[in-house]
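Shown next, in C-alpha cells, is the structure this report addresses.
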Amino acid sequence: MNLEIDTRLVEAYRRDGFVHAPGLLSAAKIAEYGAAVDEAVARRKARDTRTLDEKTPYEQSFIQCQYIWEDFPEVRPLTFHPRVCGLAAALIGAPRLRLWHDQALYKEAGGRETEAHTDHPYWPIAGRDNTLTAWIPLQAVDLDVGCMGYVPGSQNDEAAFIDIFTAPGAGKALEARYADTPARFIPCAPGDVIFHHGHTVHMAKPNRSDRTRRVYTAIYFGDGARRGGDRAHPSVDRDGIGDGGVIDGAATPLAWPLPDGRLPTPAPWPEMTGRRAQHAKLLGIVPDTAD
C-alpha cells in the first residue's frame with residue numbers, strides 16, 4: 001500500500017520527539033477497534049477483582065495488558081494498520097518496521113498520574129533513534145480524562161531508567177530537570193494518533209473523570225536493530241535472541257510493509273512457570289498459555 005506522508009509530521013517529530021497526527025484513522029474504525037480492545041481487556045482482567053485502592057501506585061496509573069494482538073485476532077488490524085505503521089516507519093526513516101509489542105493502557109476513573117519517564121531504557125534494543133510508540137486513544141481524551149504530555153526536544157538527551165514501577169514519585173526528579181521546558185499536553189479525538197520517540201520524556205495527567213480512559217498503544221522499531229544488553233524481555237527472550245543479535249524473531253514480526261499484505265500469525269508462548277511470570281498471567285498482563 002502506497003501512503004502519502006505529510007512531511008510536516010516528519011519534521012515535527014524529528015524536531016520535538018513527538019507528533020500529533022489528527023484523524024489518521026476514522027472515528028468509525030476506532031469504534032470498531034475499541035470494541036475489540038475492550039473485549040481483550042475484560043477477558044484478560046477477569047480474575048483481577050481488586051479495587052483501585054487495593055492496587056500498587058503503578059497499577060493505579062493504568063490497567064496494562066500486553067501482547068493482546070496475539071490472543072485476540074480482532075485487535076490485529078489495528079496493531080498492523082498500514083496508516084499507523086507506514087507513518088511510524090516514515091517518522092524514523094525505516095524502510096521496514098517491526099513490532100516490539102502492543103498494549104492496552106486503561107486509566108480507571110480516579111486513576112493517578114502516569115509519572116514522567118522515557119521508554120527506551122526499559123527495552124533491550126541497541127541504538128537511539130530506531131524506536132517509537134503509537135499512542136491511540138479509543139475515545140476523546142482531554143485534561144480531565146488523563147491526556148498525555150511530552151517534553152519537546154528531550155529525545156536528544158541521554159535517557160535514564162526511571163523506576164515508575166516500584167518507586168512512586170521517581171518521575172518528579174525528571175520533571176524538575178525539564179522545569180524550563182514544560183511538557184505539552186495534547187487532547188485527542190477518536191482517530192487521532194500520537195507518536196513519540198523512545199527517548200522522549202512523557203507523562204499523563206490523572207483521570208479526574210467518572211469514566212475509564214481507554215488507550216491502545218503499539219511500540220515499533222526499525223528492522224535490523226540488535227539486542228542491546230541482557231535485560232530480560234519477552235520480545236527477545238521468547239526467540240532466544242542474545243546480546244548483539246538481530247531482533248527478527250516471531251515475537252517481533254514485520255509490521256511495515258506486511259509480507260504479501262498478510263497480518264502476522266503469532267508464535268506460541270513457551271510455558272512460563274516462574275513466580276513473576278505466573279503473577280503476570282494472573283493479572284492478565286501477558287497471555288495465559290494455559291487458556
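Following the order of the C-alpha cells, first chain is A, next is B, and so on, with residues numbered from 1 inside each chain and ligands from 1 in the order they appear.
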
| Backbone-only DSSP, helix (DSSP H, G or I) members of region 17-262 of chain A, as number ranges by chain | A: 27-44, 52-54, 57-61, 68-71, 73-79, 82-92, 120-122, 154-156, 171-177, 234-237, 259-261

| task | Quick one: pick out all strand (DSSP E or B) residues within region 202-266 of chain A from a backbone DSSP run and write them as a PyMOL selection string. | result | chain A and resi 202-204+213-222+226-227+246+254-256

| said: as a list in words, please: the residues near Ala160 (chain A) (cut-off 10 Å, only C-alpha atoms, same-chain neighbours under 3 positions excluded). | reply: His117, Thr118, Asp119, His120, Pro121, Tyr122, Asp157, Asp163, Leu174, His199 and Val201 of chain A

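Among A:Leu283, A:Ile125, A:Val215, A:Leu143, the residue with the shortest atom-to-atom distance to Glu108 (chain A), counting only C-alpha atoms, is A:Val215.
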
| query | Quick one, how far is CA of Trp100 (chain A) from CA of Thr200 (chain A)? | reply | 17.2 Å

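For the residues A:Tyr216, A:His197, A:Pro152, A:Gly127, ranking by smallest atom-to-atom distance to Gly244 (chain A) using only C-alpha atoms places A:Gly127 first.
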
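If only C-alpha atoms are the atoms counted, then among A:Lys29, A:Arg98, A:Lys55, A:Arg47 the closest residue to Ala225 (chain A) is A:Arg98.
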
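In terms of minimum interatomic distance to Ala250 (chain A), A:His101 ranks closest within A:His279, A:Arg112, A:His101, A:Arg43, counting only C-alpha atoms.
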
| said: Can you pull out the residues contacting region 268-274 of chain A? Cut-off 10 Å, using only C-alpha atoms, and skip same-chain residues under 4 positions away; I want them as JSON, numbers by chain. | reply: {"A": [70, 71, 234, 238, 239, 250, 251, 278, 279, 280, 281, 286, 287, 288, 289, 290]}

So that I have them on file, write out the residues from the current selection with N, CA and C atoms, as a PDB file, in the first residue's frame.
ATOM      1  N   GLU A  70      -1.836 -10.992  19.989  1.00  0.00           N
ATOM      2  CA  GLU A  70      -1.549 -12.407  19.816  1.00  0.00           C
ATOM      3  C   GLU A  70      -2.728 -13.305  20.151  1.00  0.00           C
ATOM      4  N   ASP A  71      -3.439 -13.010  21.249  1.00  0.00           N
ATOM      5  CA  ASP A  71      -4.557 -13.892  21.624  1.00  0.00           C
ATOM      6  C   ASP A  71      -5.924 -13.303  21.297  1.00  0.00           C
ATOM      7  N   PRO A 234      10.273 -10.418  27.170  1.00  0.00           N
ATOM      8  CA  PRO A 234       9.690 -11.483  26.344  1.00  0.00           C
ATOM      9  C   PRO A 234       9.875 -11.296  24.844  1.00  0.00           C
ATOM     10  N   ARG A 238      11.775 -14.818  24.180  1.00  0.00           N
ATOM     11  CA  ARG A 238      10.971 -15.894  23.610  1.00  0.00           C
ATOM     12  C   ARG A 238      11.637 -16.520  22.390  1.00  0.00           C
ATOM     13  N   ASP A 239      12.414 -15.720  21.660  1.00  0.00           N
ATOM     14  CA  ASP A 239      13.073 -16.211  20.454  1.00  0.00           C
ATOM     15  C   ASP A 239      14.547 -16.526  20.685  1.00  0.00           C
ATOM     16  N   ALA A 250       9.835 -14.456  15.780  1.00  0.00           N
ATOM     17  CA  ALA A 250       8.383 -14.496  15.593  1.00  0.00           C
ATOM     18  C   ALA A 250       7.649 -13.571  16.556  1.00  0.00           C
ATOM     19  N   ALA A 251       8.268 -13.273  17.703  1.00  0.00           N
ATOM     20  CA  ALA A 251       7.620 -12.386  18.669  1.00  0.00           C
ATOM     21  C   ALA A 251       7.631 -10.931  18.214  1.00  0.00           C
ATOM     22  N   GLN A 278       3.966 -16.157  36.477  1.00  0.00           N
ATOM     23  CA  GLN A 278       2.647 -16.572  36.923  1.00  0.00           C
ATOM     24  C   GLN A 278       1.825 -15.376  37.387  1.00  0.00           C
ATOM     25  N   HIS A 279       2.487 -14.456  38.066  1.00  0.00           N
ATOM     26  CA  HIS A 279       1.799 -13.244  38.532  1.00  0.00           C
ATOM     27  C   HIS A 279       1.314 -12.417  37.338  1.00  0.00           C
ATOM     28  N   ALA A 280       2.169 -12.277  36.326  1.00  0.00           N
ATOM     29  CA  ALA A 280       1.797 -11.502  35.142  1.00  0.00           C
ATOM     30  C   ALA A 280       0.622 -12.134  34.412  1.00  0.00           C
ATOM     31  N   LYS A 281       0.574 -13.465  34.364  1.00  0.00           N
ATOM     32  CA  LYS A 281      -0.552 -14.148  33.718  1.00  0.00           C
ATOM     33  C   LYS A 281      -1.828 -13.990  34.534  1.00  0.00           C
ATOM     34  N   VAL A 286       0.084 -10.492  30.441  1.00  0.00           N
ATOM     35  CA  VAL A 286       0.540 -11.238  29.263  1.00  0.00           C
ATOM     36  C   VAL A 286      -0.450 -12.372  28.995  1.00  0.00           C
ATOM     37  N   PRO A 287      -0.414 -12.968  27.817  1.00  0.00           N
ATOM     38  CA  PRO A 287      -1.317 -14.093  27.540  1.00  0.00           C
ATOM     39  C   PRO A 287      -1.091 -15.249  28.495  1.00  0.00           C
ATOM     40  N   ASP A 288      -2.177 -15.921  28.844  1.00  0.00           N
ATOM     41  CA  ASP A 288      -2.088 -17.096  29.705  1.00  0.00           C
ATOM     42  C   ASP A 288      -1.948 -18.316  28.805  1.00  0.00           C
ATOM     43  N   THR A 289      -0.787 -18.935  28.828  1.00  0.00           N
ATOM     44  CA  THR A 289      -0.534 -20.078  27.943  1.00  0.00           C
ATOM     45  C   THR A 289      -1.391 -21.276  28.271  1.00  0.00           C
ATOM     46  N   ALA A 290      -2.061 -21.249  29.447  1.00  0.00           N
ATOM     47  CA  ALA A 290      -2.922 -22.360  29.823  1.00  0.00           C
ATOM     48  C   ALA A 290      -4.326 -22.215  29.251  1.00  0.00           C
TER      49      ALA A 290
END

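Nearest to Gln64 (chain A) of all the residues A:Asp16, A:Asp102, A:Glu113, A:Asp6 is A:Asp102, counting only C-alpha atoms.
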